[in-house]
Protein chains: 2
Amino acid sequence: MTLEEAAVTEVTDRISRRQVDKFAERRAQLATSALRTLSELGYARTSLREIAQNSEFSHGVLHYYFRDKVELITYCVKLYKAECVTRYDQIVATARSADQLRTDFAQALATTCAEDGTMHRLWYDLRNQALFEESFREDVLEIDQTLELMIWRIVSTYGDLSGTPITVSPSTAYALFDGLFQQALLRHLSDQPKALDDLRDGVERTLPKLLIP
Amino acid sequence: MTLEEAAVTEVTDRISRRQVDKFAERRAQLATSALRTLSELGYARTSLREIAQNSEFSHGVLHYYFRDKVELITYCVKLYKAECVTRYDQIVATARSADQLRTDFAQALATTCAEDGTMHRLWYDLRNQALFEESFREDVLEIDQTLELMIWRIVSTYGDLSGTPITVSPSTAYALFDGLFQQALLRHLSDQPKALDDLRDGVERTLPKLLIP
DNA sequence: GACTTTCTTGGACAACTGTCAAGAAAATCT
DNA sequence: AGATTTTCTTGACAGTTGTCCAAGAAAGTC
């Protein structure tokens with residue numbers, strides 16, 4: 001067993017020995033605090049000291065609750081995205097017509113782009129790191145999968161309400177709307193006033209196109 | 001330069017122009033070398049020393065040709081994207097039918113995803129930095145604009161060849177295909193064998209949907 | 001109370017970063 | 001040829017980084 005492996009098992013042992021609740025609670029607390037800093041600075045420019053400084057703890061404690069920086073950040077983004085996905089399911093649940101679903105969905109994307117823009121850019125930052133570093137890929141693909149399913153629940157429900165089959169795969173549907181959202185995010189953060197309107201318009205125009213003509 | 005112009009031009013001008021050329025030439029040479037390293041490591045993990053080490057020069061020379069790291073990197077990406085855009089215009093020029101344009105376009109995207117994947121992830125890395133750092137935005141939006149125009153030349157030509165108007169804006173069209181490409185890139189780099197086939201399929205299915213039904 | 005375990009601190013460490021400047025080397029000019 | 005300008009190297013600088021660790025605080029247990 002190498003020193004590195006020993007360190008890993010030491011951490012996991014500590015986890016299992018302890019009351020998991022308290023441990024998990026503080027983890028979430030630290031992660032929530034870290035999310036503020038991360039969403040502001042991005043992965044590259046955020047240091048553990050910076051995160052600690054914006055929390056009520058010292059920088060040493062981060063290594064008590066997280067193995068390293070990578071584990072901390074992936075945990076943070078997972079935490080956020082898990083909460084994020086649930087919001088859209090409400091739209092599916094309350095939609096009475098295809099048209100209402102369409103406008104609600106477009107509106108929800110525009111709203112979250114405006115209100116949670118800094119959080120979403122952190123997600124894109126993490127996903128981009130996965131293009132370079134293999135250690136990120138597993139978690140990124142997992143989050144990506146939940147987002148794809150979330151979009152597919154919207155799209156397939158839209159198809160049901162329209163009484164018309166969908167003509168693209170779930171992954172294609174996700175990629176299309178993700179592209180629209182990402183472009184809108186860049187433009188919105190660049191203070192282009194039309195960004196959100198264009199996003200709504202793009203989504204409302206695109207969704208019907210996924211149906212059989 | 002004609003002989004007449006040469007006669008008018010002063011000697012000192014000719015000298016300084018030659019110096020400018022040499023200067024620009026070495027800039028391009030350093031940037032080309034830097035691109036190899038940057039596309040391998042990404043913006044966050046690439047240091048100027050690393051770039052210099054993979055070139056035939058020392059690290060100090062980079063500051064002789066570039067003001068700082070930001071200028072070097074944006075210059076690098078611009079250099080690459082400028083060359084990149086031209087490739088697609090050939091597809092537009094040689095297309096004889098809407099269907100041929102459609103499959104050629106899908107094939108070109110899949111090919112460049114496979115062959116130049118590491119370069120494209122650098123572009124996405126830079127674009128992502130622009131979400132956080134304002135100093136990147138101007139250049140990123142400029143490159144984004146040239147890509148949007150490139151896509152629009154494809155899409156509008158496709159509309160012309162089909163004899164049918166396009167129903168989405170240039171920016172929406174760009175966002176849609178960019179989303180497809182970005183997803184395919186992540187999957188391809190993650191060794192998912194279907195990535196390229198799905199990209200081709202997604203593009204070939206999406207393009208006709210942009211026409212009036 | 002004393003003890004053990006869990007948690008937190010703050011400092012030390014070595015490695016790395018972008019930047020810069022002094023001077024060597026090379027190219028160019030006179 | 002020597003003088004001058006351009007180009008490049010080298011080493012140093014002041015910060016910052018992730019990581020680790022000894023020591024002490026706090027909490028829990030008896």
# chains A, B, ... in the order shown; residues from 1 in each chain; ligands from 1
call {"tool": "interface_residues", "arguments": {"of": "chain A", "to": "chain D", "cutoff": "9 Å", "atoms": "only C-alpha atoms (C1' of nucleotides)", "output": "PyMOL selection string"}}
result
chain A and resi 47-48+63+68-69
call {"tool": "interface_residues", "arguments": {"of": "chain A", "to": "chain C", "cutoff": "9 Å", "atoms": "only C-alpha atoms (C1' of nucleotides)", "output": "PyMOL selection string"}}
result
chain A and resi 18+57-61+64
call {"tool": "write_last_selection", "arguments": {"atoms": "N, CA and C atoms", "output": "mmCIF file, in the first residue's frame"}}
result
data_model
loop_
_atom_site.group_PDB
_atom_site.id
_atom_site.type_symbol
_atom_site.label_atom_id
_atom_site.label_comp_id
_atom_site.auth_asym_id
_atom_site.auth_seq_id
_atom_site.Cartn_x
_atom_site.Cartn_y
_atom_site.Cartn_z
ATOM 1 N N ARG A 18 -17.430 7.793 12.014
ATOM 2 C CA ARG A 18 -18.099 8.904 12.649
ATOM 3 C C ARG A 18 -19.598 8.878 12.422
ATOM 4 N N PHE A 57 -14.429 29.215 8.529
ATOM 5 C CA PHE A 57 -13.436 28.250 8.977
ATOM 6 C C PHE A 57 -12.049 28.585 8.431
ATOM 7 N N SER A 58 -11.084 27.850 8.911
ATOM 8 C CA SER A 58 -9.732 28.049 8.420
ATOM 9 C C SER A 58 -9.483 27.142 7.215
ATOM 10 N N HIS A 59 -8.385 27.405 6.510
ATOM 11 C CA HIS A 59 -8.161 26.664 5.271
ATOM 12 C C HIS A 59 -7.803 25.200 5.529
ATOM 13 N N GLY A 60 -7.288 24.926 6.725
ATOM 14 C CA GLY A 60 -6.903 23.552 7.025
ATOM 15 C C GLY A 60 -8.074 22.596 7.094
ATOM 16 N N VAL A 61 -9.222 23.099 7.495
ATOM 17 C CA VAL A 61 -10.368 22.229 7.737
ATOM 18 C C VAL A 61 -10.902 21.617 6.440
ATOM 19 N N TYR A 64 -9.815 18.311 5.952
ATOM 20 C CA TYR A 64 -10.374 17.339 6.893
ATOM 21 C C TYR A 64 -11.668 16.750 6.334
#
call {"tool": "closest_atom_pairs", "arguments": {"of": "chain B", "to": "chain A", "cutoff": "7 Å", "atoms": "only C-alpha atoms", "output": "CSV"}}
result
residue,atom,partner,partner_atom,distance
B:Leu41,CA,A:Phe132,CA,6.4
B:Gly42,CA,A:Phe132,CA,6.5
B:Ala44,CA,A:Ala44,CA,5.4
B:Arg121,CA,A:Leu131,CA,6.4
B:Asp125,CA,A:Asn128,CA,6.3
B:Asn128,CA,A:Asp125,CA,6.2
B:Leu131,CA,A:Leu186,CA,6.0
B:Phe132,CA,A:Leu41,CA,6.4
B:Thr172,CA,A:Gly202,CA,6.0
B:Ala175,CA,A:Gly179,CA,4.8
B:Leu176,CA,A:Leu176,CA,4.7
B:Asp178,CA,A:Gly179,CA,6.0
B:Gly179,CA,A:Gly179,CA,3.7
B:Leu180,CA,A:Ala175,CA,5.0
B:Gln183,CA,A:Ala175,CA,6.1
B:Leu186,CA,A:Leu131,CA,6.0
B:Leu189,CA,A:Leu131,CA,6.7
B:Gly202,CA,A:Thr172,CA,6.0
B:Lys209,CA,A:Lys209,CA,5.9
B:Pro213,CA,A:Pro213,CA,6.2
call {"tool": "select_by_dssp", "arguments": {"residues": "range 35-186 of chain B", "states": "alpha helix (DSSP H)", "output": "PyMOL selection string"}}
result
chain B and resi 35-45+48-53+62-65+69-94+98-115+117-132+134-162+170-186
call {"tool": "calpha_fit_rmsd", "arguments": {"fixed": "chain A", "moving": "chain B"}}
result
7.1 Å
call {"tool": "residues_around", "arguments": {"residues": "range 88-96 of chain A", "least_positions_apart": "3", "cutoff": "8 Å", "atoms": "only C-alpha atoms (C1' of nucleotides)", "output": "list in words"}}
result
Cys84, Val85, Gln100, Leu101, Asp104, Phe105, Ala108, Met150, Arg153, Ile154, Thr157 and Leu161 of chain A
call {"tool": "write_last_selection", "arguments": {"atoms": "C-alpha atoms", "output": "mmCIF file, in the first residue's frame"}}
result
data_model
loop_
_atom_site.group_PDB
_atom_site.id
_atom_site.type_symbol
_atom_site.label_atom_id
_atom_site.label_comp_id
_atom_site.auth_asym_id
_atom_site.auth_seq_id
_atom_site.Cartn_x
_atom_site.Cartn_y
_atom_site.Cartn_z
ATOM 1 C CA CYS A 84 -31.413 22.633 -9.789
ATOM 2 C CA VAL A 85 -32.939 19.714 -11.640
ATOM 3 C CA GLN A 100 -48.150 26.319 -21.770
ATOM 4 C CA LEU A 101 -45.317 23.864 -21.260
ATOM 5 C CA ASP A 104 -43.093 27.916 -19.133
ATOM 6 C CA PHE A 105 -39.969 26.038 -20.131
ATOM 7 C CA ALA A 108 -37.742 29.024 -16.698
ATOM 8 C CA MET A 150 -34.468 16.432 -17.076
ATOM 9 C CA ARG A 153 -38.943 14.788 -19.344
ATOM 10 C CA ILE A 154 -39.812 18.234 -20.652
ATOM 11 C CA THR A 157 -44.153 15.544 -22.067
ATOM 12 C CA LEU A 161 -49.437 16.949 -24.811
#
call {"tool": "atom_distance", "arguments": {"atom1": "CA of Leu196 in chain B", "atom2": "CA of Val77 in chain A"}}
result
27.6 Å
call {"tool": "atom_distance", "arguments": {"atom1": "CA of Glu56 in chain A", "atom2": "CA of Leu38 in chain A"}}
result
15.9 Å
